[in-house]
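S.K.: Attaching a single structure in structure tokens format; questions to follow.
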Amino acid sequence: MTAYLVLGSIGLLLVLLIHGKISPAILFSTWAGAYYLFGLVPEKVYLSAFTNSALATLILLMLVSLALERTPILDKLSTMLFRGGKAVSAVFRLSLVAAVFSAFLNNTAVVGAFLGVVTKQRLIAPSKVLIPLSYASLFGGIITLVGTSTNLVVNSFTVSAGLPALGMFQFAWVGLPTALICILVLSLTSRLLPDNRTADDISSSQRYFLEAQVQQDSPLAGRTIEQNRLRRLDGLYLVEILREGRLISPVNPEEVLLAGDVLIFSGETEKVQALKQFDGLAVFGTDVPELLHSNLVEAVISNESELANRTLRDVDFRTMFDAGVVGIRRGDRQLRGQLGQITLHVGDALLLAVGPDFKQHRNIDRNFHVLDDTLQRPVLNTLQSTLAMSGFAVVILLSALEIAPLFSGLLVLLAALLITKILTLSELRRRFPFELMIIIASALSVAHALDASGAADLIASVMRSAFDAYGVMGAFVGVYLITMLLTELITNNAAAALAFPIALSTAKAFGVDPTPFIMAIAYGASACFLFPFGYQTHLMVYSPGRYRVKDFFRVGLPIAIVYSLCILILVPIVFPF
């Protein structure tokens, strides 16, 4: 009975994760706490999950990566990748470079480093290369243990299960040929991506819907659109009026404006300054008029942002960032209406009118990927970059040669970065991955409950019955496909957490070496190609590329097929049952 109750609770957890309204950190910690309170997870196991050595290694790696992502190497390389103006060759070069760096650096940082350059260059449509950039970061991640957090998460489960830790380059035997084959296929299939440039985009910034409100004492109130000269703005077009919850569209030139009306303009971003000529017309978010004289900056909400799943009215945006929001875009959709009441998502692009202190705010890099080279945070100088990169290379080499544990090397490197002031304690506090730590530690307890209650064995017996006619290979394929499906529906780390105990129990049920099943989880959890919502780098490129969901599916489907065939063929050869 306990096994069925745990299975039912896991089903509810999965539904809530797919729904996406509640943070995975809250969900996993709630489930882990409940299992502890009901006696399914002993106190020692519950507490030891937070001190798991593989989890501690992951945290150290992410902290060290804060310095590595500030090196100017990727910025210098990016200017060389688009020479020639041919999309296929540019995609190949960019994918290859992104994959190489993603094998060792945080893939979010790699995509973030290229995002601004790719978006601003005019030789090739950004929509032709941004999805390949995100996919390539996944390809690179499956080459090494440190290539993606998912590999380290799987390693933490492996260590917790009492099995030998995964090696630094153990993933490369399958990951490297898979990455190379997929990059070649990706270069060809990138032709299927749309060219989302328009004539206006090539000569100016991308378009947004801008929102402005008629104030109570505005001279605009009581006069028609025509009388107020609101139909003759250069580059801005009045498309709708929101009045007391009612939308007026299209707008008649004889429509009389009322105080409180929200005017919605479609226009070019640099033309928003034209609205400052109208007394009593407040552009949303720019309650301080001088912001309209400031620089306009486009920024993408990051996966670490505290703005995610909140509205602009929920936060004091002006104080937090010295900026006002004048437009929001999600994918290819320009959001309009009451912008302050729109729930923001990771990957949304915001058009900001920024004040002079915007780039001085220390929370910018945590909340945004800024698509403006002049406002990026300071990069490391040559000496600092050399120290950081060479130190990281030594740590990886010592770990690969089994001379020094990865944890010890990263700990020494982090201390050196702090001593040399390449990193600061304040930066570590701002960017400490609390949510990821809670998710993984709680997931270890959830996995223990699945195993201890017999729920994982119950699933394994079902797997054995379903695939008995096909043998262990059929079960292996089943575990991989389950993991791949989960990573499309929920986050990659959550998918690995839920699939791992199933894989381990299935291997035990067949009486075979669990290693190929463990690798199937690692590779399957990185197989997120069909939809943009399962992986943070996909969300990063979603709005800058002005994509639709079907764009990911169109290019991602052949990649998913080729990727899966490579994994399913190579893993049993390299890691026999």
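Quick note on naming: the chains in the structure tokens go A, B, ... in the order shown, residues restart at 1 in each chain, and ligands are numbered from 1 in order of appearance.
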Please identify which residues in region 126-232 of chain A DSSP calls strand (DSSP E or B) from the backbone, and express them as a list in words.
M.R.: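 Those residues are Arg207, Tyr208, Phe209, Leu210, Glu211, Ala212, Gln213, Val214 and Thr224 of chain A.
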S.K.: If we count only C-alpha atoms and set the cut-off at 7 Å, which residues sit around region 88-103 of chain A, ignoring sequence neighbours fewer than 6 positions away in its own chain? Please answer as a PyMOL selection string.
M.R.: chain A and resi 81-82+110+129+132-133+136-137+139-141+143-144+146-147+183+187-188+190
S.K.: Store the residues of this selection in a file with N, CA, C and O atoms, as an mmCIF file, in the first residue's frame.
M.R.:
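Writing done, so here's result.cif:
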data_model
loop_
_atom_site.group_PDB
_atom_site.id
_atom_site.type_symbol
_atom_site.label_atom_id
_atom_site.label_comp_id
_atom_site.auth_asym_id
_atom_site.auth_seq_id
_atom_site.Cartn_x
_atom_site.Cartn_y
_atom_site.Cartn_z
ATOM 1 N N LEU A 81 33.027 34.515 -36.140
ATOM 2 C CA LEU A 81 32.211 33.382 -36.538
ATOM 3 C C LEU A 81 31.243 33.669 -37.668
ATOM 4 O O LEU A 81 30.719 32.753 -38.295
ATOM 5 N N PHE A 82 30.956 34.952 -37.907
ATOM 6 C CA PHE A 82 29.935 35.283 -38.900
ATOM 7 C C PHE A 82 30.512 35.859 -40.187
ATOM 8 O O PHE A 82 29.788 36.408 -41.007
ATOM 9 N N VAL A 110 27.825 30.184 -21.646
ATOM 10 C CA VAL A 110 28.290 30.151 -23.036
ATOM 11 C C VAL A 110 27.246 30.782 -23.958
ATOM 12 O O VAL A 110 27.566 31.630 -24.798
ATOM 13 N N VAL A 129 20.423 31.197 -36.285
ATOM 14 C CA VAL A 129 21.561 30.649 -35.532
ATOM 15 C C VAL A 129 21.327 30.505 -34.029
ATOM 16 O O VAL A 129 22.088 29.798 -33.362
ATOM 17 N N PRO A 132 20.289 26.787 -33.020
ATOM 18 C CA PRO A 132 21.503 25.962 -33.088
ATOM 19 C C PRO A 132 22.496 26.250 -31.965
ATOM 20 O O PRO A 132 23.134 25.331 -31.452
ATOM 21 N N LEU A 133 22.626 27.513 -31.570
ATOM 22 C CA LEU A 133 23.520 27.859 -30.464
ATOM 23 C C LEU A 133 23.082 27.157 -29.183
ATOM 24 O O LEU A 133 23.911 26.581 -28.458
ATOM 25 N N ALA A 136 23.653 23.357 -29.489
ATOM 26 C CA ALA A 136 25.085 23.033 -29.435
ATOM 27 C C ALA A 136 25.594 23.039 -28.005
ATOM 28 O O ALA A 136 26.479 22.249 -27.642
ATOM 29 N N SER A 137 25.049 23.915 -27.172
ATOM 30 C CA SER A 137 25.466 23.929 -25.766
ATOM 31 C C SER A 137 25.067 22.625 -25.068
ATOM 32 O O SER A 137 25.746 22.161 -24.152
ATOM 33 N N PHE A 139 24.882 19.695 -26.749
ATOM 34 C CA PHE A 139 25.810 18.693 -27.293
ATOM 35 C C PHE A 139 27.128 18.712 -26.524
ATOM 36 O O PHE A 139 27.695 17.661 -26.198
ATOM 37 N N GLY A 140 27.637 19.902 -26.244
ATOM 38 C CA GLY A 140 28.894 20.008 -25.505
ATOM 39 C C GLY A 140 28.768 19.492 -24.085
ATOM 40 O O GLY A 140 29.708 18.919 -23.530
ATOM 41 N N GLY A 141 27.581 19.677 -23.500
ATOM 42 C CA GLY A 141 27.376 19.274 -22.119
ATOM 43 C C GLY A 141 27.476 17.786 -21.874
ATOM 44 O O GLY A 141 27.769 17.363 -20.754
ATOM 45 N N ILE A 143 29.662 15.750 -23.092
ATOM 46 C CA ILE A 143 31.007 15.241 -23.363
ATOM 47 C C ILE A 143 31.799 14.984 -22.082
ATOM 48 O O ILE A 143 32.609 14.060 -22.018
ATOM 49 N N THR A 144 31.580 15.796 -21.054
ATOM 50 C CA THR A 144 32.345 15.662 -19.811
ATOM 51 C C THR A 144 31.415 15.647 -18.601
ATOM 52 O O THR A 144 30.240 16.013 -18.687
ATOM 53 N N VAL A 146 31.575 17.675 -16.134
ATOM 54 C CA VAL A 146 31.254 19.046 -15.731
ATOM 55 C C VAL A 146 30.559 19.825 -16.838
ATOM 56 O O VAL A 146 30.325 21.022 -16.699
ATOM 57 N N GLY A 147 30.218 19.155 -17.932
ATOM 58 C CA GLY A 147 29.631 19.857 -19.068
ATOM 59 C C GLY A 147 28.255 20.418 -18.799
ATOM 60 O O GLY A 147 27.870 21.427 -19.380
ATOM 61 N N ILE A 183 25.971 18.001 -34.675
ATOM 62 C CA ILE A 183 26.346 19.335 -35.195
ATOM 63 C C ILE A 183 26.273 19.352 -36.722
ATOM 64 O O ILE A 183 25.808 20.335 -37.325
ATOM 65 N N SER A 187 23.642 21.722 -38.749
ATOM 66 C CA SER A 187 24.060 22.704 -39.749
ATOM 67 C C SER A 187 23.175 22.636 -40.991
ATOM 68 O O SER A 187 22.865 23.664 -41.602
ATOM 69 N N LEU A 188 22.769 21.431 -41.363
ATOM 70 C CA LEU A 188 21.912 21.253 -42.540
ATOM 71 C C LEU A 188 20.463 21.607 -42.237
ATOM 72 O O LEU A 188 19.799 22.284 -43.030
ATOM 73 N N SER A 190 19.337 23.622 -40.072
ATOM 74 C CA SER A 190 19.131 25.032 -39.709
ATOM 75 C C SER A 190 18.482 25.815 -40.847
ATOM 76 O O SER A 190 17.931 26.893 -40.622
#
S.K.: Compile a residue-level contact table for region 141-184 of chain A against region 531-542 of chain A at a cut-off of 12 Å, reporting for every qualifying residue the shortest atom pair and its distance in Å to one decimal, with only C-alpha atoms counted, rows ordered by chain and ascending number, as a Markdown table.
M.R.:
| residue | atom | partner | partner_atom | distance |
| --- | --- | --- | --- | --- |
| A:Thr148 | CA | A:Tyr535 | CA | 11.5 |
| A:Ser149 | CA | A:Tyr535 | CA | 11.7 |
| A:Thr150 | CA | A:Tyr535 | CA | 11.1 |
S.K.: Could you please take those selected residues and save N, CA and C atoms as a PDB file, in the first residue's frame?
M.R.:
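This went into result.pdb:
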ATOM      1  N   THR A 148      27.505  19.767 -17.950  1.00  0.00           N
ATOM      2  CA  THR A 148      26.171  20.251 -17.598  1.00  0.00           C
ATOM      3  C   THR A 148      25.864  19.821 -16.178  1.00  0.00           C
ATOM      4  N   SER A 149      25.030  20.589 -15.523  1.00  0.00           N
ATOM      5  CA  SER A 149      24.675  20.247 -14.143  1.00  0.00           C
ATOM      6  C   SER A 149      23.978  18.898 -14.073  1.00  0.00           C
ATOM      7  N   THR A 150      23.309  18.500 -15.166  1.00  0.00           N
ATOM      8  CA  THR A 150      22.601  17.218 -15.170  1.00  0.00           C
ATOM      9  C   THR A 150      23.554  16.054 -14.925  1.00  0.00           C
TER      10      THR A 150
END
S.K.: Determine which residues of region 345-445 of chain A DSSP labels as alpha helix (DSSP H) from the backbone of this structure, then write them out as a PyMOL selection string.
M.R.: chain A and resi 364-367+382-400+406-419+425-431+434-445
S.K.: Give the answer as one residue: which of A:Ile490, A:Met437, A:Leu176, A:Ile131 has the shortest atom-to-atom distance to Pro194 (chain A), using only C-alpha atoms?
M.R.: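 Comparing A:Ile490, A:Met437, A:Leu176, A:Ile131 against Pro194 (chain A), the winner is A:Ile131.
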S.K.: Could you tell me which of A:Ile518, A:Ser453, A:Val571, A:Met473 comes closest to Val41 (chain A) if we count only C-alpha atoms?
M.R.: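 Using only C-alpha atoms, Val41 (chain A) sits closest to A:Ser453.
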S.K.: For each of A:Ile22, A:Ala494, A:Ile569, A:Leu77, take the minimum atom-to-atom distance to Val154 (chain A), counting only C-alpha atoms, then give the residue where this is smallest.
M.R.: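 Nearest to Val154 (chain A): A:Ala494.
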S.K.: At a cut-off of 10 Å, using only C-alpha atoms, what residues contact Ile26 (chain A)? Leave out same-chain residues fewer than 6 positions from it and give the result as a PyMOL selection string.
M.R.: chain A and resi 32+435+438-439+442
S.K.: With a distance cut-off of 7 Å and only C-alpha atoms, select the neighbouring residues of Ala221 (chain A), excluding the residue or stretch itself and same-chain residues fewer than 3 positions from it, and output the selection as a ChimeraX atom specification.
M.R.: /A:218,257-259
S.K.: Would you output that residue set with N, CA, C and O atoms, as a short mmCIF file (atom, residue, chain, number, x, y, z; two decimals), in the first residue's frame?
M.R.:
data_model
loop_
_atom_site.label_atom_id
_atom_site.label_comp_id
_atom_site.auth_asym_id
_atom_site.auth_seq_id
_atom_site.Cartn_x
_atom_site.Cartn_y
_atom_site.Cartn_z
N SER A 218 -4.21 65.38 -17.59
CA SER A 218 -3.63 65.53 -18.92
C SER A 218 -4.50 66.37 -19.84
O SER A 218 -5.73 66.20 -19.89
N LEU A 257 -10.41 60.79 -26.06
CA LEU A 257 -9.64 60.19 -24.97
C LEU A 257 -10.21 60.59 -23.61
O LEU A 257 -10.69 61.72 -23.44
N LEU A 258 -10.11 59.66 -22.65
CA LEU A 258 -10.55 59.92 -21.29
C LEU A 258 -9.36 59.71 -20.35
O LEU A 258 -8.44 58.94 -20.65
N ALA A 259 -9.39 60.40 -19.22
CA ALA A 259 -8.35 60.18 -18.22
C ALA A 259 -8.38 58.73 -17.77
O ALA A 259 -9.44 58.16 -17.53
#
S.K.: Just checking: using only C-alpha atoms, which residue out of A:Val251, A:Ala172, A:Ala509, A:Leu275 ends up closest to Leu233 (chain A)?
M.R.: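 Among the listed residues, A:Leu275 lies closest to Leu233 (chain A).
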S.K.: Could you check the closest approach to Thr424 (chain A) for each of A:Leu410, A:Val462, A:Leu63, A:Ala113 and tell me which residue wins, using only C-alpha atoms?
M.R.: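 Distance minimum relative to Thr424 (chain A) lands on A:Leu63.
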